>>> print(open('target34.cif').read())   # mmCIF, C-alpha atoms and all ligand atoms
data_structure
loop_
_atom_site.label_atom_id
_atom_site.label_comp_id
_atom_site.auth_asym_id
_atom_site.auth_seq_id
_atom_site.Cartn_x
_atom_site.Cartn_y
_atom_site.Cartn_z
CA MET L 285 -80.06 96.80 38.43
CA ASN L 286 -82.21 99.96 38.13
CA ASN L 287 -84.66 99.25 35.30
CA ASN L 288 -84.73 102.89 34.18
CA LEU L 289 -81.11 102.77 33.09
CA SER L 290 -80.42 102.81 29.37
CA ILE L 291 -79.45 99.64 27.57
CA GLY L 292 -75.89 100.92 27.02
CA THR L 293 -75.38 101.33 30.75
CA LYS L 294 -76.70 97.81 31.30
CA CYS L 295 -74.29 96.47 28.65
CA VAL L 296 -71.38 97.78 30.68
CA GLN L 297 -72.56 97.17 34.23
CA ALA L 298 -75.53 94.79 34.59
CA GLY L 299 -75.17 91.42 36.29
CA TYR L 300 -72.24 92.28 38.55
CA LYS L 301 -71.85 94.68 41.45
CA PRO L 302 -68.50 94.33 43.20
CA GLY L 303 -68.32 94.91 46.93
CA ASN L 304 -65.72 96.99 48.73
CA GLY L 305 -62.21 96.01 47.59
CA GLU L 306 -63.48 93.38 45.15
CA PRO L 307 -62.30 93.13 41.52
CA ARG L 308 -63.84 95.66 39.11
CA GLN L 309 -63.90 93.11 36.30
CA ILE L 310 -65.89 89.90 36.82
CA PRO L 311 -63.83 87.13 38.44
CA ILE L 312 -63.19 83.94 36.44
CA ILE L 313 -64.14 81.11 38.78
CA GLN L 314 -62.19 78.39 37.00
CA SER L 315 -63.25 75.56 39.29
CA THR L 316 -65.24 72.44 38.46
CA THR L 317 -66.33 71.94 42.03
CA PHE L 318 -67.17 73.73 45.27
CA LYS L 319 -66.40 72.83 48.87
CA TYR L 320 -68.93 72.18 51.65
CA ASP L 321 -68.52 71.61 55.40
CA THR L 322 -71.04 68.78 55.66
CA GLY L 323 -72.66 66.25 53.36
CA ASP L 324 -75.98 67.55 54.58
CA ASP L 325 -75.26 71.04 53.25
CA MET L 326 -74.58 69.55 49.87
CA GLY L 327 -77.58 67.21 50.00
CA LYS L 328 -79.89 70.20 50.23
CA LEU L 329 -78.43 71.50 46.97
CA PHE L 330 -79.08 68.15 45.28
CA ASP L 331 -82.71 68.26 46.42
CA LEU L 332 -83.03 71.87 45.15
CA GLU L 333 -83.92 72.91 48.72
CA ALA L 334 -81.05 75.38 48.88
CA SER L 335 -79.38 77.28 46.07
CA GLY L 336 -75.64 77.28 45.67
CA TYR L 337 -72.84 75.93 43.56
CA PHE L 338 -71.59 72.38 43.68
CA TYR L 339 -70.47 71.39 40.21
CA SER L 340 -69.84 73.63 37.19
CA ARG L 341 -71.79 71.36 34.80
CA LEU L 342 -74.91 72.69 36.50
CA GLN L 343 -73.93 76.19 37.48
CA ASN L 344 -70.84 78.35 37.73
CA PRO L 345 -70.66 81.85 39.27
CA THR L 346 -68.88 83.46 36.29
CA CYS L 347 -71.41 82.04 33.83
CA ASP L 348 -74.29 83.09 36.08
CA THR L 349 -72.98 86.66 36.28
CA VAL L 350 -72.95 86.93 32.50
CA ALA L 351 -76.34 85.19 32.18
CA ALA L 352 -77.78 87.73 34.62
CA LYS L 353 -76.53 90.56 32.41
CA ILE L 354 -78.12 88.99 29.31
CA ALA L 355 -81.41 88.50 31.22
CA GLU L 356 -81.42 92.21 32.04
CA LEU L 357 -80.56 93.22 28.49
CA GLU L 358 -83.47 91.18 27.12
CA GLY L 359 -85.89 92.19 29.90
CA GLY L 360 -86.31 88.60 31.12
CA THR L 361 -86.61 87.08 34.58
CA ALA L 362 -83.94 84.37 34.27
CA ALA L 363 -81.24 83.23 31.86
CA MET L 364 -78.61 80.57 31.39
CA LEU L 365 -75.52 80.22 29.22
CA THR L 366 -74.86 77.20 27.04
CA GLY L 367 -71.78 75.96 25.19
CA SER L 368 -73.07 77.09 21.78
CA GLY L 369 -76.04 78.65 20.03
CA GLN L 370 -77.01 75.17 18.83
CA SER L 371 -77.28 73.88 22.38
CA ALA L 372 -79.21 77.02 23.40
CA ASN L 373 -81.85 76.35 20.75
CA PHE L 374 -81.90 72.61 21.44
CA PHE L 375 -82.32 73.14 25.18
CA ALA L 376 -84.91 75.88 24.69
CA LEU L 377 -87.01 73.47 22.60
CA PHE L 378 -86.30 70.19 24.37
CA ASN L 379 -87.12 71.73 27.75
CA ILE L 380 -90.81 71.66 26.78
CA VAL L 381 -90.97 69.41 23.69
CA GLY L 382 -90.56 65.63 23.64
CA CYS L 383 -91.35 62.48 21.70
CA GLY L 384 -94.80 62.72 20.09
CA ASP L 385 -94.85 66.52 20.15
CA HIS L 386 -94.92 69.04 17.34
CA VAL L 387 -93.29 72.42 16.69
CA VAL L 388 -94.36 75.21 14.32
CA ALA L 389 -91.31 77.03 12.96
CA SER L 390 -90.61 79.80 10.51
CA SER L 391 -88.98 78.38 7.39
CA ALA L 392 -86.52 81.30 7.35
CA ILE L 393 -84.13 80.11 10.05
CA TYR L 394 -80.47 79.25 10.49
CA GLY L 395 -79.39 76.08 8.64
CA GLY L 396 -78.20 74.49 11.88
CA THR L 397 -81.56 75.05 13.55
CA TYR L 398 -83.37 73.72 10.49
CA ASN L 399 -81.30 70.52 10.71
CA LEU L 400 -81.83 70.33 14.47
CA LEU L 401 -85.60 70.28 13.90
CA ALA L 402 -85.83 68.45 10.57
CA VAL L 403 -83.23 65.75 11.27
CA THR L 404 -82.08 65.31 14.86
CA MET L 405 -85.23 66.18 16.77
CA LYS L 406 -87.25 64.29 14.20
CA ARG L 407 -85.24 61.20 15.21
CA MET L 408 -86.34 61.92 18.78
CA GLY L 409 -89.98 61.77 17.67
CA VAL L 410 -90.57 65.52 17.40
CA GLU L 411 -92.24 66.75 14.23
CA ALA L 412 -91.94 70.26 12.82
CA THR L 413 -94.08 72.19 10.38
CA PHE L 414 -92.32 75.06 8.63
CA VAL L 415 -94.27 78.14 7.58
CA ALA L 416 -93.11 81.11 5.52
CA PRO L 417 -92.33 84.13 7.70
CA ASP L 418 -94.81 86.17 5.62
CA CYS L 419 -97.54 83.50 5.64
CA THR L 420 -101.14 84.59 6.10
CA ASP L 421 -102.89 84.31 9.47
CA GLN L 422 -104.85 81.41 8.05
CA GLU L 423 -101.73 79.53 6.92
CA LEU L 424 -100.12 80.10 10.29
CA ASN L 425 -103.25 78.93 12.10
CA ASP L 426 -103.47 75.80 9.94
CA ALA L 427 -99.93 74.76 10.91
CA PHE L 428 -100.96 74.02 14.51
CA ARG L 429 -101.96 70.57 15.75
CA ASP L 430 -103.28 69.26 19.05
CA ASN L 431 -99.76 68.19 20.01
CA THR L 432 -98.06 71.50 19.10
CA LYS L 433 -95.91 72.65 22.04
CA CYS L 434 -94.23 75.82 20.80
CA VAL L 435 -93.55 78.19 17.91
CA PHE L 436 -90.03 79.12 16.79
CA GLY L 437 -88.60 81.92 14.65
CA GLU L 438 -85.63 84.29 14.25
CA THR L 439 -85.90 88.08 14.61
CA ILE L 440 -83.60 88.54 11.60
CA ALA L 441 -83.20 85.21 9.84
CA ASN L 442 -79.69 83.91 9.12
CA PRO L 443 -78.95 84.01 6.20
CA ALA L 444 -82.26 84.97 4.52
CA LEU L 445 -82.43 88.23 6.54
CA ARG L 446 -86.23 88.07 6.63
CA VAL L 447 -87.65 90.01 9.59
CA LEU L 448 -90.06 88.03 11.76
CA ASP L 449 -93.43 89.62 12.51
CA ILE L 450 -92.95 88.73 16.18
CA ALA L 451 -96.36 89.99 17.33
CA LYS L 452 -98.15 87.96 14.64
CA PHE L 453 -96.31 84.76 15.59
CA ALA L 454 -96.76 85.46 19.33
CA ASP L 455 -100.50 86.01 18.93
CA ALA L 456 -100.89 82.76 17.00
CA ALA L 457 -98.82 80.84 19.56
CA HIS L 458 -100.79 82.24 22.49
CA ALA L 459 -104.13 81.60 20.78
CA HIS L 460 -103.08 77.92 20.71
CA GLY L 461 -101.82 77.94 24.31
CA VAL L 462 -98.11 77.59 23.53
CA PRO L 463 -95.08 79.89 23.91
CA LEU L 464 -93.12 81.65 21.18
CA ILE L 465 -89.35 81.11 21.17
CA VAL L 466 -87.38 83.75 19.27
CA ASP L 467 -83.72 83.43 18.31
CA ASN L 468 -82.54 87.04 18.63
CA THR L 469 -78.92 86.39 17.60
CA PHE L 470 -78.69 88.85 14.68
CA ALA L 471 -80.70 91.70 16.20
CA THR L 472 -79.29 91.42 19.74
CA PRO L 473 -81.15 93.22 22.54
CA ILE L 474 -79.64 96.47 21.25
CA LEU L 475 -81.78 96.44 18.10
CA CYS L 476 -84.83 94.45 19.24
CA HIS L 477 -86.48 93.24 22.44
CA PRO L 478 -88.63 90.29 21.28
CA ILE L 479 -90.21 89.98 24.74
CA GLU L 480 -91.82 93.43 24.32
CA PHE L 481 -93.61 92.11 21.23
CA GLY L 482 -94.87 88.93 22.90
CA ALA L 483 -92.01 86.44 22.67
CA ASP L 484 -91.88 84.20 25.73
CA ILE L 485 -88.38 82.78 25.43
CA VAL L 486 -85.39 84.34 23.68
CA THR L 487 -82.29 82.46 22.55
CA HIS L 488 -78.90 83.56 21.32
CA SER L 489 -75.84 82.29 19.63
CA THR L 490 -73.54 84.51 21.70
CA THR L 491 -70.82 83.42 19.25
CA LYS L 492 -72.04 86.20 16.96
CA TYR L 493 -72.48 89.89 17.89
CA MET L 494 -72.60 89.39 21.65
CA ASP L 495 -69.02 88.11 21.70
CA GLY L 496 -68.49 90.14 18.56
CA HIS L 497 -64.82 89.39 17.98
CA GLY L 498 -64.90 85.84 16.66
CA ALA L 499 -63.27 84.62 19.86
CA THR L 500 -65.68 82.32 21.74
CA LEU L 501 -68.50 79.94 20.96
CA GLY L 502 -71.52 80.20 23.21
CA GLY L 503 -75.26 80.43 23.60
CA ALA L 504 -77.84 81.85 25.95
CA ILE L 505 -81.51 81.24 26.81
CA VAL L 506 -83.65 83.94 28.43
CA ASP L 507 -87.11 83.40 29.89
CA SER L 508 -89.55 86.31 30.02
CA GLY L 509 -91.41 84.67 32.90
CA ASN L 510 -94.62 85.66 31.09
CA PHE L 511 -95.88 82.33 29.83
CA ASP L 512 -98.27 80.72 32.31
CA TRP L 513 -97.47 77.01 32.08
CA THR L 514 -99.98 76.26 34.85
CA LYS L 515 -102.86 77.23 32.55
CA TYR L 516 -101.99 74.14 30.49
CA PRO L 517 -100.85 71.61 33.11
CA GLU L 518 -101.36 68.60 30.85
CA LYS L 519 -99.54 70.09 27.89
CA PHE L 520 -96.62 71.20 30.06
CA ALA L 521 -96.63 68.39 32.60
CA CYS L 522 -92.81 68.54 32.53
CA LEU L 523 -93.03 71.87 34.38
CA CYS L 524 -96.30 71.44 36.26
CA GLU L 525 -95.93 67.88 37.60
CA PRO L 526 -93.34 66.46 40.03
CA ASP L 527 -89.88 65.61 38.68
CA GLU L 528 -89.03 62.27 40.29
CA SER L 529 -85.34 62.81 39.65
CA TYR L 530 -85.49 65.61 42.24
CA HIS L 531 -87.64 63.84 44.84
CA GLY L 532 -90.83 65.17 43.36
CA VAL L 533 -90.04 68.84 42.90
CA THR L 534 -92.66 70.65 40.80
CA TYR L 535 -90.83 73.45 39.00
CA THR L 536 -93.73 75.89 38.66
CA GLU L 537 -94.60 75.50 42.36
CA ARG L 538 -91.07 75.73 43.75
CA PHE L 539 -89.65 78.38 41.42
CA GLY L 540 -92.71 80.28 40.16
CA LEU L 541 -93.30 81.41 36.59
CA ALA L 542 -90.21 83.64 36.77
CA GLY L 543 -87.84 80.73 37.45
CA ALA L 544 -89.44 77.40 36.52
CA TYR L 545 -88.36 77.16 32.88
CA ILE L 546 -84.69 78.13 33.31
CA THR L 547 -84.33 76.14 36.54
CA LYS L 548 -85.62 73.01 34.82
CA ALA L 549 -83.32 73.53 31.83
CA THR L 550 -80.38 73.98 34.20
CA VAL L 551 -80.93 71.24 36.74
CA GLN L 552 -82.39 68.65 34.38
CA LEU L 553 -81.07 69.25 30.85
CA MET L 554 -77.61 70.51 31.84
CA ARG L 555 -77.35 67.71 34.38
CA ASP L 556 -78.18 65.06 31.79
CA LEU L 557 -76.84 66.53 28.55
CA GLY L 558 -74.01 68.77 29.77
CA SER L 559 -73.39 71.54 27.32
CA VAL L 560 -71.87 74.23 29.50
CA GLN L 561 -70.05 77.37 28.56
CA ALA L 562 -66.58 77.50 30.12
CA PRO L 563 -66.08 80.27 32.70
CA ILE L 564 -63.21 81.74 30.68
CA ASN L 565 -65.47 81.91 27.61
CA ALA L 566 -68.18 83.61 29.66
CA PHE L 567 -65.56 86.14 30.75
CA MET L 568 -64.66 86.89 27.12
CA LEU L 569 -68.33 87.04 26.18
CA ASN L 570 -68.79 89.65 28.88
CA LEU L 571 -66.00 91.77 27.40
CA GLY L 572 -67.96 91.72 24.15
CA LEU L 573 -71.22 92.63 25.90
CA GLU L 574 -69.58 95.70 27.44
CA SER L 575 -69.34 97.33 23.99
CA LEU L 576 -72.37 95.70 22.32
CA HIS L 577 -74.40 98.93 22.14
CA VAL L 578 -71.54 100.85 20.51
CA ARG L 579 -70.72 98.08 18.06
CA MET L 580 -74.30 97.33 16.94
CA GLN L 581 -74.82 100.95 16.01
CA ARG L 582 -71.65 100.98 13.89
CA HIS L 583 -72.34 97.55 12.34
CA SER L 584 -75.80 98.81 11.29
CA GLU L 585 -74.52 102.12 9.90
CA ASN L 586 -71.76 100.40 7.93
CA ALA L 587 -74.14 97.78 6.55
CA LEU L 588 -76.70 100.36 5.46
CA ALA L 589 -73.96 102.27 3.62
CA VAL L 590 -72.79 99.05 1.92
CA ALA L 591 -76.38 98.08 1.03
CA LYS L 592 -76.99 101.48 -0.56
CA TYR L 593 -73.78 101.18 -2.55
CA LEU L 594 -74.67 97.66 -3.77
CA LYS L 595 -78.16 98.78 -4.74
CA SER L 596 -76.64 101.45 -6.97
CA SER L 597 -74.23 99.04 -8.71
CA ASP L 598 -75.16 97.59 -12.12
CA LYS L 599 -73.12 94.43 -11.34
CA ILE L 600 -75.53 93.46 -8.58
CA ALA L 601 -78.79 91.64 -9.36
CA TRP L 602 -80.55 92.26 -6.05
CA VAL L 603 -79.88 93.40 -2.49
CA LYS L 604 -81.58 92.17 0.69
CA TYR L 605 -81.26 94.43 3.73
CA SER L 606 -84.34 95.25 5.77
CA GLY L 607 -83.04 98.73 6.61
CA LEU L 608 -83.00 99.64 2.92
CA GLU L 609 -85.99 101.63 1.73
CA GLY L 610 -88.04 99.52 -0.68
CA ASP L 611 -86.97 96.22 0.91
CA GLU L 612 -89.84 93.71 1.28
CA ASP L 613 -89.32 93.83 5.07
CA TYR L 614 -88.71 97.59 5.37
CA GLU L 615 -91.99 98.21 7.20
CA LEU L 616 -91.38 95.29 9.57
CA ALA L 617 -87.87 96.62 10.20
CA ARG L 618 -89.27 100.06 11.04
CA ARG L 619 -91.46 98.43 13.66
CA TYR L 620 -89.08 95.84 15.10
CA LEU L 621 -85.65 97.29 14.29
CA PRO L 622 -86.00 101.07 14.46
CA ASP L 623 -82.35 101.57 15.49
CA GLY L 624 -80.76 99.49 12.74
CA SER L 625 -80.92 96.19 10.89
CA CYS L 626 -77.55 94.70 12.02
CA GLY L 627 -74.39 94.27 9.95
CA VAL L 628 -75.41 91.45 7.65
CA VAL L 629 -76.38 92.18 4.04
CA SER L 630 -77.11 89.64 1.34
CA PHE L 631 -77.14 90.15 -2.40
CA GLY L 632 -76.88 88.41 -5.75
CA VAL L 633 -73.98 89.07 -8.08
CA LYS L 634 -75.02 89.20 -11.75
CA GLY L 635 -73.65 86.07 -13.41
CA GLY L 636 -74.80 83.73 -10.66
CA ARG L 637 -72.73 81.21 -8.74
CA ALA L 638 -69.47 81.59 -10.72
CA ALA L 639 -69.51 85.39 -10.59
CA ALA L 640 -70.27 85.28 -6.87
CA GLU L 641 -67.28 83.04 -6.22
CA LYS L 642 -64.93 85.17 -8.32
CA PHE L 643 -66.16 88.34 -6.60
CA MET L 644 -65.52 86.86 -3.17
CA GLN L 645 -61.99 85.83 -4.12
CA MET L 646 -61.20 89.41 -5.20
CA LEU L 647 -62.12 90.94 -1.85
CA THR L 648 -59.21 91.85 0.40
CA ILE L 649 -60.99 93.22 3.49
CA ALA L 650 -63.86 90.74 3.78
CA ALA L 651 -62.47 87.21 4.17
CA ILE L 652 -64.31 84.05 3.14
CA GLU L 653 -65.55 82.45 6.37
CA THR L 654 -68.53 80.52 7.64
CA HIS L 655 -68.69 83.04 10.47
CA VAL L 656 -70.79 86.20 10.64
CA ALA L 657 -71.36 89.05 12.98
CA ASP L 658 -67.99 90.03 14.33
CA ALA L 659 -65.65 93.00 14.07
CA HIS L 660 -63.97 91.65 10.91
CA SER L 661 -65.92 91.80 7.65
CA CYS L 662 -66.46 88.40 6.11
CA CYS L 663 -68.50 86.77 3.37
CA LEU L 664 -69.99 83.42 2.46
CA HIS L 665 -71.83 81.62 -0.32
CA PRO L 666 -74.46 79.62 1.67
CA ALA L 667 -75.70 77.42 -1.19
CA SER L 668 -72.30 75.74 -1.46
CA THR L 669 -71.50 75.69 2.26
CA THR L 670 -73.85 76.11 5.25
CA HIS L 671 -76.99 75.16 3.31
CA ARG L 672 -75.53 72.57 0.95
CA GLN L 673 -77.69 69.76 2.42
CA MET L 674 -80.86 71.48 1.16
CA ASN L 675 -82.38 70.88 -2.26
CA ASP L 676 -83.44 73.85 -4.43
CA GLU L 677 -87.01 73.76 -3.11
CA GLU L 678 -85.87 73.82 0.51
CA LEU L 679 -83.36 76.55 -0.32
CA ALA L 680 -86.12 78.68 -1.82
CA ALA L 681 -88.32 78.13 1.25
CA ALA L 682 -85.42 79.23 3.47
CA GLY L 683 -85.01 82.31 1.26
CA VAL L 684 -81.56 81.30 0.00
CA SER L 685 -80.97 81.49 -3.75
CA SER L 686 -77.96 79.90 -5.44
CA ASP L 687 -76.41 83.30 -6.27
CA LEU L 688 -76.79 84.64 -2.71
CA VAL L 689 -73.67 86.13 -1.13
CA ARG L 690 -73.93 86.87 2.58
CA LEU L 691 -71.69 89.76 3.60
CA SER L 692 -71.16 90.39 7.28
CA VAL L 693 -70.12 94.02 7.43
CA GLY L 694 -67.60 94.52 10.22
CA LEU L 695 -66.32 97.51 12.12
CA GLU L 696 -63.68 98.58 9.60
CA ASP L 697 -64.18 102.00 8.04
CA ALA L 698 -67.20 101.91 5.69
CA LYS L 699 -65.22 103.88 3.07
CA ASP L 700 -62.59 101.13 2.87
CA ILE L 701 -65.14 98.30 2.83
CA ILE L 702 -67.03 99.92 -0.06
CA ALA L 703 -63.84 100.68 -2.02
CA ASP L 704 -62.83 97.02 -1.65
CA ILE L 705 -66.23 95.80 -2.91
CA ASP L 706 -66.07 98.30 -5.77
CA ASN L 707 -62.65 96.97 -6.76
CA ALA L 708 -63.80 93.34 -6.66
CA LEU L 709 -66.91 94.10 -8.75
CA SER L 710 -64.91 95.94 -11.39
CA ALA L 711 -62.85 92.77 -11.93
CA LEU L 712 -65.96 90.87 -13.06
C1 LIG L 801 -74.86 80.79 14.42
C2 LIG L 801 -76.28 80.71 14.76
C3 LIG L 801 -76.77 79.66 15.55
C4 LIG L 801 -75.88 78.56 16.06
O1 LIG L 801 -74.98 79.06 16.99
P1 LIG L 801 -73.54 78.40 17.29
O2 LIG L 801 -73.02 79.29 18.36
O3 LIG L 801 -72.76 78.41 16.03
O4 LIG L 801 -73.81 77.01 17.78
C5 LIG L 801 -78.11 79.66 15.87
N1 LIG L 801 -78.94 80.62 15.42
C6 LIG L 801 -78.49 81.64 14.64
C7 LIG L 801 -79.45 82.68 14.17
C8 LIG L 801 -77.16 81.71 14.29
O5 LIG L 801 -76.73 82.72 13.52
#
>>> encode(input="target34.cif", output="structure tokens")
Amino acid sequence: MNNNLSIGTKCVQAGYKPGNGEPRQIPIIQSTTFKYDTGDDMGKLFDLEASGYFYSRLQNPTCDTVAAKIAELEGGTAAMLTGSGQSANFFALFNIVGCGDHVVASSAIYGGTYNLLAVTMKRMGVEATFVAPDCTDQELNDAFRDNTKCVFGETIANPALRVLDIAKFADAAHAHGVPLIVDNTFATPILCHPIEFGADIVTHSTTKYMDGHGATLGGAIVDSGNFDWTKYPEKFACLCEPDESYHGVTYTERFGLAGAYITKATVQLMRDLGSVQAPINAFMLNLGLESLHVRMQRHSENALAVAKYLKSSDKIAWVKYSGLEGDEDYELARRYLPDGSCGVVSFGVKGGRAAAEKFMQMLTIAAIETHVADAHSCCLHPASTTHRQMNDEELAAAGVSSDLVRLSVGLEDAKDIIADIDNALSAL
């Protein structure tokens, strides 16, 4: 698609261009398999000598159409969909990290990603060092080891809402010859383009704003095509040396820097681990993407109004929203999120854990859910739910205090959302 077009136009139209008499909306190709005239034709696909569809665990046309749209939205060269945000982050890491390797990660990340690194990937022999998002250059530098293979962070951390200094983390990663992976779930490409600030790979839980209606689980991985794996052929042998399971294909040679990383993740990790997004889910995700630009603007406006209201209330101990003047990340937000800080606000209710729980029960518009980032307002107490496996020290490092309430401000009218909060606070 024409690169000069605005992001809103891309949200509606990128990735799919119907021909004469073809459906205006993307077709759902609900088929596990694809037909060929000869075994030879199909053999070429298995050897990666020809491109085409043969089995939907590897690739499906509906999913590819939606992935192509997300690649354009992020300004990347290639993208793939996965069955969930968890599998997107796992694949993004595991594509270049293996037993004996090391990852540097921001400590302010999603609880699921923390567990992925600290528990499951640790069992696979991968070690992670967590650094505070506002660490000094020296502290960041000291976290690297000889076996470090990548750096990981979240544009807006869930649920701590810390804003990542993407350029700082990208510079450190590149100085050590490794890529930066940024989970851009909360910001979406409407509010931030991590690739423009030096991120090499961008991941998403499309379950959140991209779908935006709480309807479908999914994930996406986008490659910028900017990281030159061939400069470090020993470190990234998995991309720069022949893959025997494809008769000796070398991904960087066959697919170039623009395609090597996503092709490997598709034909090797999807083949062996199988974590696909269903075509019907990709179709629903695409419906969400068509209005992403409109919704993100409203989510951000509503959340800023709610944050300002909370800040003015004497029942509230503290408010965390990077779009709020005076917030510790306000300057970072002005740089990385000039068009809004998304719909998620966190705050502490005076009276701690018990008051927070009572407050949440009194709300009638925002429901108590583990979910965030969809049209319906919802709220959660992370310390007793999503982050309950962490001790107080780990909670503090992740930026989650025991009185923290995470409120995902939806698309209802801001006036009604604020009146509802006001009513619940007055009951305390
Ligand atoms: C929800 C979330 C994930 C995990 O995504 P799922 O789709 O639930 O698997 C990963 N990263 C962030 C920032 C998230 O908010």
>>> atom_distance(input="target34.cif", atom1="atom CA of Arg446 of chain L", atom2="atom CA of Ser391 of chain L")
10.1 Å
>>> closest_atom_pairs(input="target34.cif", of="chain L", to="ligand LIG 801 (chain L)", cutoff="8 Å", atoms="all atoms listed in the file", output="JSON lines")
{"residue": "L:Gly367", "atom": "CA", "partner": "L:LIG801", "partner_atom": "O2", "distance": 7.7}
{"residue": "L:Ser368", "atom": "CA", "partner": "L:LIG801", "partner_atom": "O2", "distance": 4.1}
{"residue": "L:Gly369", "atom": "CA", "partner": "L:LIG801", "partner_atom": "O1", "distance": 3.2}
{"residue": "L:Gln370", "atom": "CA", "partner": "L:LIG801", "partner_atom": "O4", "distance": 3.8}
{"residue": "L:Ser371", "atom": "CA", "partner": "L:LIG801", "partner_atom": "O4", "distance": 6.6}
{"residue": "L:Ala372", "atom": "CA", "partner": "L:LIG801", "partner_atom": "O4", "distance": 7.8}
{"residue": "L:Asn373", "atom": "CA", "partner": "L:LIG801", "partner_atom": "C5", "distance": 7.0}
{"residue": "L:Ile393", "atom": "CA", "partner": "L:LIG801", "partner_atom": "C7", "distance": 6.7}
{"residue": "L:Tyr394", "atom": "CA", "partner": "L:LIG801", "partner_atom": "C7", "distance": 5.1}
{"residue": "L:Gly396", "atom": "CA", "partner": "L:LIG801", "partner_atom": "C4", "distance": 6.3}
{"residue": "L:Thr397", "atom": "CA", "partner": "L:LIG801", "partner_atom": "C5", "distance": 6.2}
{"residue": "L:Glu438", "atom": "CA", "partner": "L:LIG801", "partner_atom": "C7", "distance": 6.4}
{"residue": "L:Ile440", "atom": "CA", "partner": "L:LIG801", "partner_atom": "C7", "distance": 7.6}
{"residue": "L:Ala441", "atom": "CA", "partner": "L:LIG801", "partner_atom": "C7", "distance": 6.3}
{"residue": "L:Asn442", "atom": "CA", "partner": "L:LIG801", "partner_atom": "C7", "distance": 5.2}
{"residue": "L:Pro443", "atom": "CA", "partner": "L:LIG801", "partner_atom": "O5", "distance": 7.8}
{"residue": "L:Asp467", "atom": "CA", "partner": "L:LIG801", "partner_atom": "C7", "distance": 6.0}
{"residue": "L:Asn468", "atom": "CA", "partner": "L:LIG801", "partner_atom": "C7", "distance": 7.0}
{"residue": "L:Thr469", "atom": "CA", "partner": "L:LIG801", "partner_atom": "C7", "distance": 5.1}
{"residue": "L:Phe470", "atom": "CA", "partner": "L:LIG801", "partner_atom": "C7", "distance": 6.2}
{"residue": "L:His488", "atom": "CA", "partner": "L:LIG801", "partner_atom": "N1", "distance": 6.6}
{"residue": "L:Ser489", "atom": "CA", "partner": "L:LIG801", "partner_atom": "O1", "distance": 4.3}
{"residue": "L:Thr490", "atom": "CA", "partner": "L:LIG801", "partner_atom": "O2", "distance": 6.2}
{"residue": "L:Thr491", "atom": "CA", "partner": "L:LIG801", "partner_atom": "O2", "distance": 4.8}
{"residue": "L:Lys492", "atom": "CA", "partner": "L:LIG801", "partner_atom": "C1", "distance": 6.6}
{"residue": "L:Leu501", "atom": "CA", "partner": "L:LIG801", "partner_atom": "O2", "distance": 5.3}
{"residue": "L:Gly502", "atom": "CA", "partner": "L:LIG801", "partner_atom": "O2", "distance": 5.2}
{"residue": "L:Gly503", "atom": "CA", "partner": "L:LIG801", "partner_atom": "O2", "distance": 5.8}
{"residue": "L:His655", "atom": "CA", "partner": "L:LIG801", "partner_atom": "C1", "distance": 7.7}
{"residue": "L:Val656", "atom": "CA", "partner": "L:LIG801", "partner_atom": "O5", "distance": 7.5}
>>> closest_residue(input="target34.cif", among="L:Ala351, L:Val506, L:Cys383, L:Val629", to="Leu608 of chain L", atoms="all atoms listed in the file")
L:Val629
>>> residues_near_point(input="target34.cif", point="(-71.7, 95.2, -9.1)", cutoff="9 Å", atoms="all atoms listed in the file", output="compact mmCIF listing (two decimals) with C-alpha atoms, keeping the file's coordinate frame")
# COMPACT_ATOMS: atom_id res chain seq x y z
CA LEU L 594 -74.67 97.66 -3.77
CA LYS L 595 -78.16 98.78 -4.74
CA SER L 596 -76.64 101.45 -6.97
CA SER L 597 -74.23 99.04 -8.71
CA ASP L 598 -75.16 97.59 -12.12
CA LYS L 599 -73.12 94.43 -11.34
CA ILE L 600 -75.53 93.46 -8.58
CA ALA L 601 -78.79 91.64 -9.36
CA VAL L 633 -73.98 89.07 -8.08
CA LYS L 634 -75.02 89.20 -11.75
CA ILE L 705 -66.23 95.80 -2.91
CA ASP L 706 -66.07 98.30 -5.77
CA ALA L 708 -63.80 93.34 -6.66
CA LEU L 709 -66.91 94.10 -8.75
CA SER L 710 -64.91 95.94 -11.39
CA LEU L 712 -65.96 90.87 -13.06
>>> closest_residue(input="target34.cif", among="L:Met494, L:Met326, L:Leu576, L:Ile702", to="Leu588 of chain L", atoms="only C-alpha atoms")
L:Ile702
>>> atom_distance(input="target34.cif", atom1="atom CA of Ile474 of chain L", atom2="atom CA of Leu695 of chain L")
16.2 Å
>>> atom_distance(input="target34.cif", atom1="atom CA of Ile652 of chain L", atom2="atom CA of Thr670 of chain L")
12.6 Å
>>> residues_around(input="target34.cif", residues="Ala640 of chain L", least_positions_apart="6", cutoff="8 Å", atoms="only C-alpha atoms", output="ChimeraX atom specification")
/L:632-634,665,687-689
>>> residues_around(input="target34.cif", residues="Leu289 of chain L", least_positions_apart="4", cutoff="12 Å", atoms="all atoms listed in the file", output="compact mmCIF listing (two decimals) with C-alpha atoms, keeping the file's coordinate frame")
# COMPACT_ATOMS: atom_id res chain seq x y z
CA MET L 285 -80.06 96.80 38.43
CA THR L 293 -75.38 101.33 30.75
CA LYS L 294 -76.70 97.81 31.30
CA CYS L 295 -74.29 96.47 28.65
CA VAL L 296 -71.38 97.78 30.68
CA GLN L 297 -72.56 97.17 34.23
CA ALA L 298 -75.53 94.79 34.59
CA GLU L 356 -81.42 92.21 32.04
CA LEU L 357 -80.56 93.22 28.49
>>> residues_around(input="target34.cif", residues="Ile649 of chain L", least_positions_apart="5", cutoff="10 Å", atoms="all atoms listed in the file", output="list in words")
His660, Ser661, Cys662, Cys663, Val693, Gly694, Glu696, Asp700, Ile701, Ile702, Ala703, Asp704 and Ile705 of chain L
